[in-house]
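> Sending over structure_6.cif (mmCIF, C-alpha atoms).
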data_coords
loop_
_atom_site.label_atom_id
_atom_site.label_comp_id
_atom_site.auth_asym_id
_atom_site.auth_seq_id
_atom_site.Cartn_x
_atom_site.Cartn_y
_atom_site.Cartn_z
CA MET A 252 -15.65 2.94 24.69
CA ILE A 253 -17.67 1.10 22.09
CA TYR A 254 -21.39 0.88 22.76
CA LYS A 255 -23.75 -1.83 21.55
CA GLY A 256 -25.26 -0.93 18.23
CA CYS A 257 -22.57 1.57 17.26
CA GLU A 258 -20.58 0.96 14.14
CA LYS A 259 -16.91 1.81 14.41
CA ARG A 260 -14.22 1.39 11.79
CA MET A 261 -10.92 -0.01 12.94
CA ILE A 262 -7.40 -0.58 11.63
CA MET A 263 -5.68 -3.67 12.98
CA LEU A 264 -1.93 -4.00 12.54
CA LYS A 265 -0.44 -7.48 12.99
CA ASN A 266 3.28 -8.19 13.07
CA THR A 267 4.16 -4.55 13.64
CA GLY A 268 7.90 -5.22 13.64
CA SER A 269 8.12 -3.70 17.09
CA GLU A 270 9.76 -5.53 19.97
CA LEU A 271 6.92 -4.41 22.26
CA PHE A 272 3.77 -4.44 20.15
CA GLU A 273 2.63 -7.66 18.53
CA GLU A 274 -0.68 -6.20 17.39
CA ALA A 275 -2.09 -2.69 17.40
CA TYR A 276 -5.74 -1.62 17.07
CA PHE A 277 -6.79 1.87 16.01
CA ILE A 278 -10.42 3.05 16.21
CA ILE A 279 -11.06 5.51 13.40
CA ASN A 280 -12.74 8.83 14.16
CA ASN A 281 -15.92 8.96 12.04
CA LYS A 282 -15.80 12.74 11.73
CA ARG A 283 -12.29 12.79 10.24
CA SER A 284 -12.23 9.49 8.33
CA SER A 285 -13.76 11.01 5.20
CA GLN A 286 -10.87 13.48 4.92
CA ALA A 287 -8.11 10.86 4.70
CA SER A 288 -7.52 7.90 2.41
CA THR A 289 -7.08 4.35 3.68
CA TYR A 290 -3.40 4.47 2.73
CA ASP A 291 -2.90 7.63 4.81
CA MET A 292 -4.61 6.03 7.82
CA ILE A 293 -2.45 2.91 7.66
CA LYS A 294 0.68 5.03 7.20
CA GLU A 295 -0.25 7.10 10.29
CA ALA A 296 -0.93 3.94 12.34
CA ASN A 297 2.48 2.53 11.39
CA ARG A 298 4.13 5.84 12.30
CA ILE A 299 2.48 5.84 15.74
CA VAL A 300 3.64 2.29 16.47
CA ALA A 301 7.19 3.08 15.33
CA GLU A 302 7.42 6.26 17.41
CA ASN A 303 6.08 4.62 20.57
CA ASP A 304 8.62 1.84 20.74
CA ILE A 305 10.00 2.25 24.27
CA ILE A 306 13.31 0.54 23.58
CA PRO A 307 15.51 3.24 22.03
CA GLN A 308 17.29 2.49 18.82
CA ILE A 309 21.05 2.19 19.29
CA LYS A 310 22.71 5.14 17.65
CA GLU A 311 26.29 5.19 16.56
CA LYS A 312 28.56 6.69 19.15
CA GLN A 313 29.90 10.04 18.22
CA LYS A 314 33.63 9.87 18.18
CA LYS A 315 35.29 12.58 20.20
CA PRO A 316 38.56 13.83 18.84
CA ILE A 317 41.58 12.34 20.60
CA PHE A 318 42.80 15.92 21.04
CA PHE A 319 40.50 16.39 24.06
CA TYR A 320 41.79 13.24 25.75
CA ILE A 321 45.41 14.29 25.27
CA LEU A 322 44.60 17.83 26.46
CA GLY A 323 43.03 16.38 29.62
CA ILE A 324 46.07 14.22 30.33
CA PHE A 325 48.52 17.08 29.90
CA SER A 326 46.44 19.52 31.94
CA GLY A 327 46.24 16.96 34.76
CA MET A 328 50.01 16.40 34.59
CA GLY A 329 50.62 20.16 34.62
CA THR A 330 48.35 20.66 37.62
CA MET A 331 50.08 17.85 39.54
CA ALA A 332 53.50 19.27 38.68
CA LEU A 333 52.46 22.70 39.93
CA VAL A 334 51.04 21.29 43.19
CA MET A 335 54.13 19.11 43.79
CA SER A 336 56.48 22.07 43.21
CA PHE A 337 54.99 23.84 46.25
CA PHE A 338 55.66 20.84 48.53
CA ILE A 339 59.21 20.09 47.43
#
For this file, write the structure as structure tokens.

Amino acid sequence: MIYKGCEKRMIMLKNTGSELFEEAYFIINNKRSSQASTYDMIKEANRIVAENDIIPQIKEKQKKPIFFYILGIFSGMGTMALVMSFFI
């Protein structure tokens, strides 16, 4: 909460590149602002916006070896053959 008469420093990011955030505002902590450079603060603000994008990035599907698919088919065929041999 910002009170009347208080001076607060702020970083405003426009065109964040995010699909959700058009603009982002960061109020800088006066106690810690002297320890970090302006570049570090902007870098941290960009990192926070990038990490809080709710829409997950599409990752490449990991290809499963075809061996497991073939193994599943043959094990299913073997199980069916074993079950059918009891009924015939």
> Grab the CA of Ile278 (chain A) to CA of Ile262 (chain A) distance for me, in Å with one decimal place.
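Computed distance, CA of Ile278 (chain A) to CA of Ile262 (chain A), equals 6.6 Å.
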> Using only C-alpha atoms, find the one residue out of A:Gly323, A:Met335, A:Thr330, A:Asn297 that sits nearest to Ala275 (chain A).
A:Asn297
> Can you tell me which residues surround Arg260 (chain A) at a distance of at most 8 Å, considering all atoms listed in the file, apart from same-chain residues fewer than 4 positions away, and format the answer as number ranges by chain?
A: 278-281
> Selection in question (the file shown): the PyMOL selection byres ((chain A and resi 263) around 7). Which residues does it include, as a ChimeraX atom specification?
/A:261-262,264-265,275-277
> Suppose you want the space between CA of Val300 (chain A) and CA of Gly268 (chain A); what is it in Å?
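Pair CA of Val300 (chain A) / CA of Gly268 (chain A) returns 9.1 Å.
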> To one decimal place in Å, what is the distance between CA of Glu302 (chain A) and CA of Ala287 (chain A)?
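So the two atoms, CA of Glu302 (chain A) and CA of Ala287 (chain A), lie 20.6 Å apart.
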